[in-house]
Amino acid sequence: MSGGLSRRTFLQVSAAGVVSATALGTRGASAEPYSKFTWISPRGTLEVLDDYPYWIGKKMGYFDDLGVEADMQPGPSDGTATVKFVDVGQADMGFPSPGVFSFALENGMKLKSAFHMGALDTFSLAFRKGEGTNDLKTLEGKTILLGSAAWQSIVDPMLAVQGVDVTKVKYVEAGWPTWATALKAGQGDAALGWEGLRAEWIGTGLDFEYWLGVKKSPLFANTFVVRAADVDDPERKAFLDKYLRGWAMGLEFGYQNPRAAVEAVFEQFPTLATNIGPELGTTSILQQIAVFRGDMDKRAGWGDHDMTAWQTFFDQIHELGQISNPVKAEDVCTNACIAAANDFDHAKVKADADGYKLSDAFAAIDVDNVKAHLYDQAVPG
């Protein structure tokens, strides 16, 4: 169980959402330095390409050079676990969608977004071939399949900004990882997807067409959240600066040499490598790099929050009733770690990426050709 959580505590966290860290006697309730820093996935698995910056950073020794020791945990597949576990001190950093982050805030969790990974909207809607639409208003009266019921907090804002009356949309929790196979089998009218995942789905025979948020949505994607008190504690803030620098170096390396970053993930997870292979792996990571990078000319570096965009999001979900009280973006999002996270030798990372010796299988991949077909699955028109 993630973070050494007992079954009793796990059930409390999963069902109730908010549990007192002090009552549980967990680490994280004090302001002492981290004894063991734990990052928790929102997916219930680590065997994905999404976290490539960590794996390539680990392989290249960036975290070791920074003197950072950390643990990666998959967590349960409950869509809200990634914030619940951080809140109660069973993990130290989570990676929720903006919607799940808003769930945490609504439930009184004192969390703060410290590093905005997904500058563009990674989320999409998958349709069976020939059934897709670019007019999301046509989904009113129809059914969208989700892997977790918590994902409704992702889809509602995405639909609302497109003018959809979300009260007229039906959601069905089809389970992880079966919600996509349910769509293929003829259940529901659409399913939530995201960049990177759609390439992995092709590898398992799930070939859909998509309304792509990365092309059509003004929203954005997942972010790294921590306990707000940790940002205010000087020793923990210093650790977060170094830890996030390792991620930023991994992001920069992946941007410079995406194939090498895929290789690092495949070495970590051989089954994933077997399932999707070098070409789809490269496709997946390029999709994700586009989301993580966004328009870097307008960002202060990897992880930078666009506070205006975040405020628009919070205003939108307040209007939807997803949060009961208005939220000021600057109160729950911070760029305090961004300068330190991006304070690394960019030339060295580029040299590392350029000098990386690819395997023959990856060397044979034409990255420019993959980029040219990155959005071929989009609904026509």
# chains A, B, ... in the order shown; residues from 1 in each chain; ligands from 1

call {"tool": "residues_around", "arguments": {"residues": "stretch 263-265 of chain A", "least_positions_apart": "4", "cutoff": "12 Å", "atoms": "only C-alpha atoms", "output": "MDAnalysis selection string"}}
result
chainID A and resid 46:60 250 253:254 257:259 269:274 276:279 281:282 284:285 356:363

call {"tool": "write_last_selection", "arguments": {"atoms": "N, CA and C atoms", "output": "short mmCIF file (atom, residue, chain, number, x, y, z; two decimals), in the first residue's frame"}}
result
data_model
loop_
_atom_site.label_atom_id
_atom_site.label_comp_id
_atom_site.auth_asym_id
_atom_site.auth_seq_id
_atom_site.Cartn_x
_atom_site.Cartn_y
_atom_site.Cartn_z
N LEU A 46 2.42 3.20 -12.09
CA LEU A 46 3.58 3.98 -12.57
C LEU A 46 4.01 3.54 -13.96
N GLU A 47 3.40 2.47 -14.47
CA GLU A 47 3.83 1.90 -15.74
C GLU A 47 3.20 2.64 -16.91
N VAL A 48 3.57 3.90 -17.02
CA VAL A 48 3.12 4.79 -18.08
C VAL A 48 4.30 5.67 -18.48
N LEU A 49 4.16 6.36 -19.59
CA LEU A 49 5.23 7.25 -20.05
C LEU A 49 5.12 8.65 -19.45
N ASP A 50 4.00 8.95 -18.82
CA ASP A 50 3.72 10.30 -18.35
C ASP A 50 4.80 10.87 -17.44
N ASP A 51 5.43 10.01 -16.65
CA ASP A 51 6.39 10.48 -15.64
C ASP A 51 7.84 10.40 -16.15
N TYR A 52 8.01 10.45 -17.46
CA TYR A 52 9.34 10.29 -18.05
C TYR A 52 10.39 11.26 -17.49
N PRO A 53 10.01 12.51 -17.10
CA PRO A 53 11.08 13.39 -16.59
C PRO A 53 11.78 12.82 -15.37
N TYR A 54 11.03 12.13 -14.52
CA TYR A 54 11.64 11.54 -13.33
C TYR A 54 12.58 10.40 -13.72
N TRP A 55 12.12 9.52 -14.60
CA TRP A 55 12.92 8.32 -14.92
C TRP A 55 14.18 8.68 -15.69
N ILE A 56 14.11 9.64 -16.61
CA ILE A 56 15.33 10.02 -17.32
C ILE A 56 16.23 10.82 -16.38
N GLY A 57 15.64 11.61 -15.48
CA GLY A 57 16.44 12.34 -14.50
C GLY A 57 17.16 11.39 -13.55
N LYS A 58 16.47 10.32 -13.18
CA LYS A 58 17.09 9.32 -12.32
C LYS A 58 18.21 8.59 -13.06
N LYS A 59 17.94 8.22 -14.31
CA LYS A 59 18.95 7.49 -15.09
C LYS A 59 20.20 8.33 -15.32
N MET A 60 20.02 9.61 -15.57
CA MET A 60 21.15 10.49 -15.85
C MET A 60 21.85 10.96 -14.57
N GLY A 250 14.84 16.78 -16.13
CA GLY A 250 14.29 15.67 -16.91
C GLY A 250 13.39 16.14 -18.02
N PHE A 253 15.68 17.53 -20.73
CA PHE A 253 16.32 16.43 -21.44
C PHE A 253 15.33 15.79 -22.42
N GLY A 254 14.10 15.53 -21.95
CA GLY A 254 13.11 14.91 -22.82
C GLY A 254 12.77 15.76 -24.03
N ASN A 257 15.80 15.29 -26.35
CA ASN A 257 15.97 13.95 -26.90
C ASN A 257 14.83 13.05 -26.42
N PRO A 258 13.66 13.18 -27.04
CA PRO A 258 12.49 12.42 -26.58
C PRO A 258 12.68 10.90 -26.65
N ARG A 259 13.41 10.43 -27.65
CA ARG A 259 13.58 8.97 -27.79
C ARG A 259 14.37 8.40 -26.61
N PHE A 269 10.26 -0.19 -17.04
CA PHE A 269 9.03 -0.99 -17.15
C PHE A 269 9.03 -1.79 -18.45
N PRO A 270 9.67 -2.96 -18.45
CA PRO A 270 9.78 -3.77 -19.66
C PRO A 270 8.44 -4.17 -20.25
N THR A 271 7.43 -4.38 -19.42
CA THR A 271 6.11 -4.77 -19.94
C THR A 271 5.52 -3.65 -20.78
N LEU A 272 5.68 -2.42 -20.33
CA LEU A 272 5.21 -1.27 -21.10
C LEU A 272 5.93 -1.21 -22.44
N ALA A 273 7.22 -1.48 -22.42
CA ALA A 273 8.01 -1.48 -23.66
C ALA A 273 7.47 -2.51 -24.64
N THR A 274 7.15 -3.69 -24.13
CA THR A 274 6.62 -4.75 -24.98
C THR A 274 5.27 -4.38 -25.55
N ILE A 276 3.88 -1.32 -26.18
CA ILE A 276 3.71 -0.22 -27.14
C ILE A 276 4.87 -0.04 -28.11
N GLY A 277 6.08 -0.44 -27.75
CA GLY A 277 7.20 -0.38 -28.67
C GLY A 277 7.74 1.02 -28.89
N PRO A 278 8.88 1.13 -29.59
CA PRO A 278 9.57 2.42 -29.76
C PRO A 278 8.78 3.49 -30.50
N GLU A 279 8.08 3.13 -31.58
CA GLU A 279 7.40 4.16 -32.38
C GLU A 279 6.22 4.77 -31.63
N GLY A 281 5.79 4.61 -28.46
CA GLY A 281 6.37 5.26 -27.29
C GLY A 281 6.83 6.67 -27.61
N THR A 282 7.47 6.83 -28.75
CA THR A 282 7.91 8.16 -29.19
C THR A 282 6.72 9.06 -29.47
N SER A 284 3.78 8.85 -28.05
CA SER A 284 3.20 9.18 -26.75
C SER A 284 3.96 10.30 -26.06
N ILE A 285 5.27 10.18 -26.04
CA ILE A 285 6.06 11.19 -25.30
C ILE A 285 6.03 12.55 -26.00
N TYR A 356 23.63 11.26 -25.89
CA TYR A 356 23.06 9.98 -25.48
C TYR A 356 23.09 8.99 -26.64
N LYS A 357 23.57 7.78 -26.39
CA LYS A 357 23.64 6.74 -27.43
C LYS A 357 22.34 5.96 -27.45
N LEU A 358 21.55 6.17 -28.49
CA LEU A 358 20.29 5.46 -28.63
C LEU A 358 20.51 4.02 -29.06
N SER A 359 19.60 3.14 -28.66
CA SER A 359 19.60 1.78 -29.19
C SER A 359 19.23 1.83 -30.67
N ASP A 360 19.52 0.77 -31.38
CA ASP A 360 19.22 0.75 -32.82
C ASP A 360 17.74 0.94 -33.10
N ALA A 361 16.89 0.34 -32.26
CA ALA A 361 15.45 0.43 -32.47
C ALA A 361 14.96 1.88 -32.38
N PHE A 362 15.49 2.63 -31.43
CA PHE A 362 15.08 4.02 -31.28
C PHE A 362 15.79 4.93 -32.27
N ALA A 363 17.02 4.62 -32.61
CA ALA A 363 17.74 5.42 -33.60
C ALA A 363 17.04 5.39 -34.96
#

call {"tool": "select_by_dssp", "arguments": {"residues": "stretch 36-163 of chain A", "states": "strand (DSSP E)", "output": "JSON list (two decimals) with C-alpha atoms, in the first residue's frame"}}
result
[["chain", "number", "residue", "atom", "x", "y", "z"],
["A", 37, "PHE", "CA", 9.83, 12.15, 0.29],
["A", 38, "THR", "CA", 7.02, 10.36, -1.59],
["A", 39, "TRP", "CA", 5.42, 11.35, -4.88],
["A", 40, "ILE", "CA", 2.07, 9.69, -5.64],
["A", 70, "ALA", "CA", 12.66, 10.28, -3.22],
["A", 71, "ASP", "CA", 10.10, 7.52, -3.67],
["A", 72, "MET", "CA", 7.56, 7.08, -6.45],
["A", 73, "GLN", "CA", 4.29, 5.37, -5.55],
["A", 93, "MET", "CA", 3.51, 15.46, -3.55],
["A", 94, "GLY", "CA", 0.56, 14.50, -5.74],
["A", 111, "LEU", "CA", -2.74, 22.09, -0.42],
["A", 112, "LYS", "CA", -0.94, 24.32, -2.87],
["A", 113, "SER", "CA", 0.10, 23.83, -6.49],
["A", 114, "ALA", "CA", 3.88, 24.20, -6.56],
["A", 115, "PHE", "CA", 4.83, 23.16, -10.11],
["A", 123, "PHE", "CA", -7.60, 15.85, -21.85],
["A", 124, "SER", "CA", -9.60, 14.64, -24.81],
["A", 125, "LEU", "CA", -12.79, 12.78, -25.62],
["A", 126, "ALA", "CA", -12.50, 9.48, -27.46],
["A", 127, "PHE", "CA", -15.17, 8.25, -29.85],
["A", 143, "THR", "CA", -23.12, 9.12, -21.91],
["A", 144, "ILE", "CA", -19.42, 9.65, -21.22],
["A", 145, "LEU", "CA", -17.40, 6.77, -19.76],
["A", 146, "LEU", "CA", -14.87, 7.41, -16.99]]

call {"tool": "residues_around", "arguments": {"residues": "A:Ser102", "least_positions_apart": "3", "cutoff": "12 Å", "atoms": "only C-alpha atoms", "output": "PyMOL selection string"}}
result
chain A and resi 80+83+96-99+105-113+150-154+157+222-223+225+310+313-318+321-329+332-333

call {"tool": "write_last_selection", "arguments": {"atoms": "C-alpha atoms", "output": "CSV table (one decimal), in the first residue's frame"}}
result
chain,number,residue,atom,x,y,z
A,80,THR,CA,-8.9,11.6,-5.6
A,83,VAL,CA,-4.6,14.7,-3.0
A,96,PRO,CA,-3.9,15.8,-9.7
A,97,SER,CA,-5.9,17.2,-12.5
A,98,PRO,CA,-7.1,20.8,-11.9
A,99,GLY,CA,-10.6,19.3,-11.2
A,105,LEU,CA,-9.8,22.7,-1.9
A,106,GLU,CA,-13.5,22.3,-1.6
A,107,ASN,CA,-12.9,19.6,1.1
A,108,GLY,CA,-10.7,21.9,3.1
A,109,MET,CA,-7.4,20.3,2.2
A,110,LYS,CA,-4.6,22.8,2.8
A,111,LEU,CA,-2.7,22.1,-0.4
A,112,LYS,CA,-0.9,24.3,-2.9
A,113,SER,CA,0.1,23.8,-6.5
A,150,ALA,CA,-13.8,11.6,-9.6
A,151,TRP,CA,-13.0,12.3,-13.3
A,152,GLN,CA,-16.3,14.1,-13.7
A,153,SER,CA,-14.5,17.1,-12.1
A,154,ILE,CA,-12.2,17.0,-15.2
A,157,PRO,CA,-15.3,22.3,-16.9
A,222,ASN,CA,-2.3,18.3,-14.1
A,223,THR,CA,-0.1,19.9,-11.6
A,225,VAL,CA,0.6,19.8,-5.3
A,310,TRP,CA,-5.8,29.5,-13.3
A,313,PHE,CA,-10.5,28.1,-14.3
A,314,PHE,CA,-11.4,28.7,-10.7
A,315,ASP,CA,-14.1,31.2,-11.7
A,316,GLN,CA,-15.5,28.7,-14.2
A,317,ILE,CA,-15.8,25.9,-11.7
A,318,HIS,CA,-17.3,28.2,-9.1
A,321,GLY,CA,-20.9,24.8,-8.5
A,322,GLN,CA,-17.9,22.5,-8.5
A,323,ILE,CA,-16.6,24.7,-5.7
A,324,SER,CA,-18.9,26.5,-3.3
A,325,ASN,CA,-16.7,29.5,-2.6
A,326,PRO,CA,-14.6,31.7,-4.9
A,327,VAL,CA,-10.9,30.8,-5.0
A,328,LYS,CA,-8.1,33.3,-5.6
A,329,ALA,CA,-5.5,31.6,-7.8
A,332,VAL,CA,-3.5,28.2,-3.9
A,333,CYS,CA,-0.9,28.3,-6.7

call {"tool": "atom_distance", "arguments": {"atom1": "atom CA of A:His373", "atom2": "atom CA of A:Ile289"}}
result
14.9 Å

call {"tool": "select_by_dssp", "arguments": {"residues": "stretch 101-300 of chain A", "states": "helix (DSSP H, G or I)", "output": "compact mmCIF listing (two decimals) with N, CA and C atoms, in the first residue's frame"}}
result
# COMPACT_ATOMS: atom_id res chain seq x y z
N PHE A 101 -7.78 18.77 -7.98
CA PHE A 101 -7.21 19.77 -7.08
C PHE A 101 -8.33 20.63 -6.49
N SER A 102 -9.30 20.98 -7.32
CA SER A 102 -10.42 21.78 -6.81
C SER A 102 -11.25 20.98 -5.80
N PHE A 103 -11.35 19.66 -6.00
CA PHE A 103 -12.02 18.80 -5.02
C PHE A 103 -11.31 18.90 -3.67
N ALA A 104 -9.99 18.89 -3.70
CA ALA A 104 -9.21 18.99 -2.46
C ALA A 104 -9.50 20.31 -1.75
N LEU A 105 -9.50 21.40 -2.51
CA LEU A 105 -9.75 22.71 -1.92
C LEU A 105 -11.16 22.79 -1.34
N GLU A 106 -12.12 22.25 -2.07
CA GLU A 106 -13.51 22.26 -1.62
C GLU A 106 -13.68 21.49 -0.32
N LEU A 136 -19.25 19.77 -29.14
CA LEU A 136 -19.49 19.02 -27.91
C LEU A 136 -20.89 19.22 -27.36
N LYS A 137 -21.63 20.21 -27.86
CA LYS A 137 -23.01 20.38 -27.42
C LYS A 137 -23.87 19.17 -27.81
N THR A 138 -23.42 18.44 -28.81
CA THR A 138 -24.18 17.24 -29.22
C THR A 138 -24.08 16.12 -28.19
N LEU A 139 -23.22 16.30 -27.18
CA LEU A 139 -23.11 15.29 -26.13
C LEU A 139 -24.20 15.43 -25.07
N ALA A 149 -15.14 7.83 -10.99
CA ALA A 149 -16.21 8.83 -10.89
C ALA A 149 -15.64 10.22 -10.61
N ALA A 150 -14.47 10.27 -9.97
CA ALA A 150 -13.85 11.56 -9.64
C ALA A 150 -13.48 12.34 -10.90
N TRP A 151 -13.37 11.65 -12.03
CA TRP A 151 -12.97 12.32 -13.26
C TRP A 151 -14.06 13.25 -13.81
N GLN A 152 -15.26 13.16 -13.27
CA GLN A 152 -16.29 14.11 -13.70
C GLN A 152 -15.83 15.54 -13.47
N SER A 153 -15.01 15.74 -12.42
CA SER A 153 -14.50 17.08 -12.13
C SER A 153 -13.52 17.56 -13.19
N ILE A 154 -13.02 16.64 -14.01
CA ILE A 154 -12.18 17.01 -15.15
C ILE A 154 -13.04 17.39 -16.34
N VAL A 155 -14.07 16.57 -16.59
CA VAL A 155 -14.85 16.72 -17.82
C VAL A 155 -15.84 17.89 -17.76
N ASP A 156 -16.47 18.09 -16.61
CA ASP A 156 -17.47 19.16 -16.51
C ASP A 156 -16.93 20.52 -16.96
N PRO A 157 -15.77 20.98 -16.43
CA PRO A 157 -15.26 22.28 -16.90
C PRO A 157 -14.89 22.27 -18.39
N MET A 158 -14.34 21.15 -18.84
CA MET A 158 -13.94 21.04 -20.25
C MET A 158 -15.15 21.21 -21.16
N LEU A 159 -16.28 20.61 -20.76
CA LEU A 159 -17.50 20.74 -21.55
C LEU A 159 -18.13 22.11 -21.40
N ALA A 160 -18.13 22.62 -20.16
CA ALA A 160 -18.80 23.90 -19.90
C ALA A 160 -18.21 25.04 -20.70
N VAL A 166 -23.85 20.81 -18.73
CA VAL A 166 -23.33 19.56 -18.16
C VAL A 166 -24.38 18.80 -17.36
N THR A 167 -25.47 19.46 -16.99
CA THR A 167 -26.53 18.75 -16.28
C THR A 167 -27.26 17.76 -17.19
N LYS A 168 -27.04 17.90 -18.49
CA LYS A 168 -27.70 17.02 -19.46
C LYS A 168 -26.78 15.90 -19.94
N TRP A 179 -12.31 1.35 -18.89
CA TRP A 179 -13.28 2.27 -19.47
C TRP A 179 -13.11 2.43 -20.98
N ALA A 180 -11.90 2.29 -21.48
CA ALA A 180 -11.70 2.41 -22.93
C ALA A 180 -12.20 1.18 -23.67
N THR A 181 -11.98 0.01 -23.10
CA THR A 181 -12.49 -1.21 -23.73
C THR A 181 -14.02 -1.21 -23.71
N ALA A 182 -14.60 -0.59 -22.68
CA ALA A 182 -16.06 -0.47 -22.64
C ALA A 182 -16.56 0.38 -23.80
N LEU A 183 -15.85 1.46 -24.12
CA LEU A 183 -16.23 2.28 -25.26
C LEU A 183 -16.14 1.48 -26.55
N LYS A 184 -15.04 0.77 -26.72
CA LYS A 184 -14.86 -0.03 -27.92
C LYS A 184 -15.96 -1.08 -28.06
N LEU A 197 -1.71 8.84 -23.51
CA LEU A 197 -2.52 7.64 -23.33
C LEU A 197 -3.09 7.16 -24.66
N ARG A 198 -3.48 8.10 -25.52
CA ARG A 198 -4.08 7.65 -26.78
C ARG A 198 -3.09 6.88 -27.64
N ALA A 199 -1.82 7.21 -27.57
CA ALA A 199 -0.82 6.41 -28.28
C ALA A 199 -0.69 5.04 -27.64
N GLU A 200 -0.74 4.98 -26.30
CA GLU A 200 -0.66 3.69 -25.61
C GLU A 200 -1.88 2.84 -25.93
N TRP A 201 -3.04 3.47 -26.07
CA TRP A 201 -4.25 2.72 -26.41
C TRP A 201 -4.13 2.05 -27.78
N ILE A 202 -3.52 2.74 -28.72
CA ILE A 202 -3.33 2.14 -30.04
C ILE A 202 -2.55 0.84 -29.91
N GLY A 203 -1.56 0.85 -29.04
CA GLY A 203 -0.73 -0.34 -28.83
C GLY A 203 -1.50 -1.53 -28.29
N GLY A 213 -8.38 18.21 -26.61
CA GLY A 213 -8.28 19.41 -25.80
C GLY A 213 -7.02 20.21 -26.06
N VAL A 214 -5.93 19.52 -26.39
CA VAL A 214 -4.67 20.22 -26.62
C VAL A 214 -4.78 21.16 -27.82
N LYS A 215 -5.73 20.90 -28.69
CA LYS A 215 -5.94 21.75 -29.86
C LYS A 215 -7.12 22.71 -29.69
N LYS A 216 -8.11 22.34 -28.85
CA LYS A 216 -9.37 23.08 -28.85
C LYS A 216 -9.78 23.65 -27.50
N ALA A 228 0.43 23.12 1.82
CA ALA A 228 0.76 24.55 1.79
C ALA A 228 1.81 24.90 2.83
N ALA A 229 1.75 24.25 3.98
CA ALA A 229 2.70 24.53 5.05
C ALA A 229 4.13 24.19 4.65
N ASP A 230 4.29 23.22 3.73
CA ASP A 230 5.63 22.81 3.32
C ASP A 230 6.32 23.90 2.50
N VAL A 231 5.54 24.65 1.74
CA VAL A 231 6.11 25.75 0.95
C VAL A 231 6.58 26.86 1.88
N ASP A 232 5.91 27.01 3.01
CA ASP A 232 6.25 28.07 3.96
C ASP A 232 7.40 27.69 4.89
N PRO A 234 11.10 26.78 5.58
CA PRO A 234 12.34 27.00 4.82
C PRO A 234 13.07 25.71 4.45
N GLU A 235 13.16 24.75 5.38
CA GLU A 235 13.90 23.52 5.08
C GLU A 235 13.17 22.67 4.05
N ARG A 236 11.87 22.57 4.18
CA ARG A 236 11.12 21.78 3.20
C ARG A 236 11.07 22.48 1.85
N LYS A 237 10.95 23.80 1.88
CA LYS A 237 10.98 24.56 0.62
C LYS A 237 12.31 24.35 -0.09
N ALA A 238 13.42 24.32 0.63
CA ALA A 238 14.73 24.09 0.02
C ALA A 238 14.79 22.70 -0.63
N PHE A 239 14.18 21.71 0.04
CA PHE A 239 14.14 20.38 -0.55
C PHE A 239 13.28 20.38 -1.82
N LEU A 240 12.11 21.01 -1.75
CA LEU A 240 11.22 21.07 -2.91
C LEU A 240 11.92 21.73 -4.10
N ASP A 241 12.69 22.78 -3.84
CA ASP A 241 13.42 23.46 -4.92
C ASP A 241 14.34 22.47 -5.64
N LYS A 242 15.08 21.68 -4.86
CA LYS A 242 16.02 20.72 -5.45
C LYS A 242 15.28 19.59 -6.16
N TYR A 243 14.26 19.07 -5.51
CA TYR A 243 13.49 17.96 -6.10
C TYR A 243 12.87 18.38 -7.44
N LEU A 244 12.26 19.55 -7.47
CA LEU A 244 11.63 20.03 -8.69
C LEU A 244 12.68 20.38 -9.75
N ARG A 245 13.88 20.75 -9.32
CA ARG A 245 14.96 20.97 -10.29
C ARG A 245 15.29 19.68 -11.03
N GLY A 246 15.26 18.56 -10.32
CA GLY A 246 15.48 17.27 -10.97
C GLY A 246 14.43 16.99 -12.03
N TRP A 247 13.17 17.29 -11.71
CA TRP A 247 12.10 17.12 -12.70
C TRP A 247 12.29 18.07 -13.89
N ALA A 248 12.64 19.32 -13.60
CA ALA A 248 12.84 20.29 -14.67
C ALA A 248 13.98 19.86 -15.60
N MET A 249 15.04 19.31 -15.02
CA MET A 249 16.14 18.81 -15.84
C MET A 249 15.68 17.64 -16.70
N GLY A 250 14.84 16.78 -16.13
CA GLY A 250 14.29 15.67 -16.91
C GLY A 250 13.39 16.14 -18.02
N LEU A 251 12.59 17.18 -17.75
CA LEU A 251 11.73 17.76 -18.79
C LEU A 251 12.57 18.35 -19.92
N GLU A 252 13.63 19.06 -19.56
CA GLU A 252 14.50 19.66 -20.57
C GLU A 252 15.20 18.58 -21.40
N PHE A 253 15.68 17.53 -20.73
CA PHE A 253 16.32 16.43 -21.44
C PHE A 253 15.33 15.79 -22.42
N GLY A 254 14.10 15.53 -21.95
CA GLY A 254 13.11 14.91 -22.82
C GLY A 254 12.77 15.76 -24.03
N TYR A 255 12.74 17.07 -23.83
CA TYR A 255 12.48 17.97 -24.95
C TYR A 255 13.61 17.89 -25.97
N GLN A 256 14.85 17.79 -25.48
CA GLN A 256 16.00 17.74 -26.37
C GLN A 256 16.18 16.37 -27.04
N PRO A 258 13.66 13.18 -27.04
CA PRO A 258 12.49 12.42 -26.58
C PRO A 258 12.68 10.90 -26.65
N ARG A 259 13.41 10.43 -27.65
CA ARG A 259 13.58 8.97 -27.79
C ARG A 259 14.37 8.40 -26.61
N ALA A 260 15.37 9.13 -26.15
CA ALA A 260 16.16 8.67 -25.01
C ALA A 260 15.30 8.61 -23.75
N ALA A 261 14.39 9.57 -23.60
CA ALA A 261 13.50 9.58 -22.43
C ALA A 261 12.58 8.37 -22.46
N VAL A 262 12.11 8.00 -23.64
CA VAL A 262 11.27 6.80 -23.75
C VAL A 262 12.08 5.56 -23.36
N GLU A 263 13.30 5.50 -23.83
CA GLU A 263 14.17 4.36 -23.48
C GLU A 263 14.32 4.22 -21.97
N ALA A 264 14.46 5.33 -21.29
CA ALA A 264 14.63 5.29 -19.83
C ALA A 264 13.40 4.70 -19.16
N VAL A 265 12.21 5.07 -19.66
CA VAL A 265 10.97 4.53 -19.09
C VAL A 265 10.85 3.04 -19.42
N PHE A 266 11.18 2.69 -20.65
CA PHE A 266 11.08 1.29 -21.06
C PHE A 266 12.03 0.39 -20.25
N GLU A 267 13.19 0.91 -19.92
CA GLU A 267 14.12 0.15 -19.09
C GLU A 267 13.55 -0.08 -17.70
N GLN A 268 12.79 0.89 -17.21
CA GLN A 268 12.17 0.78 -15.90
C GLN A 268 10.99 -0.18 -15.92
N PRO A 270 9.67 -2.96 -18.45
CA PRO A 270 9.78 -3.77 -19.66
C PRO A 270 8.44 -4.17 -20.25
N THR A 271 7.43 -4.38 -19.42
CA THR A 271 6.11 -4.77 -19.94
C THR A 271 5.52 -3.65 -20.78
N LEU A 272 5.68 -2.42 -20.33
CA LEU A 272 5.21 -1.27 -21.10
C LEU A 272 5.93 -1.21 -22.44
N ALA A 273 7.22 -1.48 -22.42
CA ALA A 273 8.01 -1.48 -23.66
C ALA A 273 7.47 -2.51 -24.64
N THR A 274 7.15 -3.69 -24.13
CA THR A 274 6.62 -4.75 -24.98
C THR A 274 5.27 -4.38 -25.55
N ASN A 275 4.45 -3.72 -24.74
CA ASN A 275 3.08 -3.40 -25.16
C ASN A 275 3.01 -2.33 -26.24
N ILE A 276 3.88 -1.32 -26.18
CA ILE A 276 3.71 -0.22 -27.14
C ILE A 276 4.87 -0.04 -28.11
N GLY A 277 6.08 -0.44 -27.75
CA GLY A 277 7.20 -0.38 -28.67
C GLY A 277 7.74 1.02 -28.89
N PRO A 278 8.88 1.13 -29.59
CA PRO A 278 9.57 2.42 -29.76
C PRO A 278 8.78 3.49 -30.50
N GLU A 279 8.08 3.13 -31.58
CA GLU A 279 7.40 4.16 -32.38
C GLU A 279 6.22 4.77 -31.63
N LEU A 280 5.35 3.92 -31.06
CA LEU A 280 4.23 4.45 -30.30
C LEU A 280 4.71 5.13 -29.03
N GLY A 281 5.79 4.61 -28.46
CA GLY A 281 6.37 5.26 -27.29
C GLY A 281 6.83 6.67 -27.61
N THR A 282 7.47 6.83 -28.75
CA THR A 282 7.91 8.16 -29.19
C THR A 282 6.72 9.06 -29.47
N THR A 283 5.69 8.51 -30.10
CA THR A 283 4.46 9.28 -30.33
C THR A 283 3.86 9.76 -29.02
N SER A 284 3.78 8.85 -28.05
CA SER A 284 3.20 9.18 -26.75
C SER A 284 3.96 10.30 -26.06
N ILE A 285 5.27 10.18 -26.04
CA ILE A 285 6.06 11.19 -25.30
C ILE A 285 6.03 12.55 -26.00
N LEU A 286 5.97 12.56 -27.31
CA LEU A 286 5.88 13.83 -28.03
C LEU A 286 4.54 14.52 -27.75
N GLN A 287 3.48 13.72 -27.63
CA GLN A 287 2.19 14.29 -27.25
C GLN A 287 2.29 14.96 -25.89
N GLN A 288 2.93 14.28 -24.96
CA GLN A 288 3.03 14.80 -23.60
C GLN A 288 3.98 16.00 -23.50
N ILE A 289 5.06 15.98 -24.26
CA ILE A 289 5.99 17.10 -24.25
C ILE A 289 5.28 18.39 -24.68
N ALA A 290 4.40 18.27 -25.67
CA ALA A 290 3.66 19.45 -26.14
C ALA A 290 2.81 20.03 -25.01
N VAL A 291 2.19 19.14 -24.22
CA VAL A 291 1.35 19.58 -23.10
C VAL A 291 2.20 20.18 -21.99
N PHE A 292 3.30 19.53 -21.63
CA PHE A 292 4.14 19.99 -20.53
C PHE A 292 4.85 21.30 -20.85
N ARG A 293 5.22 21.46 -22.10
CA ARG A 293 5.99 22.65 -22.48
C ARG A 293 5.08 23.87 -22.67
N MET A 296 6.48 28.12 -24.19
CA MET A 296 7.56 28.44 -23.25
C MET A 296 8.02 29.90 -23.36
N ASP A 297 7.73 30.54 -24.48
CA ASP A 297 8.07 31.96 -24.62
C ASP A 297 7.28 32.83 -23.64
N LYS A 298 6.15 32.31 -23.16
CA LYS A 298 5.30 33.05 -22.24
C LYS A 298 5.40 32.52 -20.81

call {"tool": "residues_around", "arguments": {"residues": "A:Arg43", "least_positions_apart": "4", "cutoff": "8 Å", "atoms": "only C-alpha atoms", "output": "ChimeraX atom specification"}}
result
/A:74-79

call {"tool": "atom_distance", "arguments": {"atom1": "atom CA of A:Trp302", "atom2": "atom CA of A:Ala339"}}
result
9.2 Å

call {"tool": "closest_residue", "arguments": {"among": "A:Gly44, A:Gly147, A:Gly196, A:Gly141", "to": "A:Lys170", "atoms": "only C-alpha atoms"}}
result
A:Gly141

call {"tool": "atom_distance", "arguments": {"atom1": "atom CA of A:Glu209", "atom2": "atom CA of A:Leu192"}}
result
11.8 Å
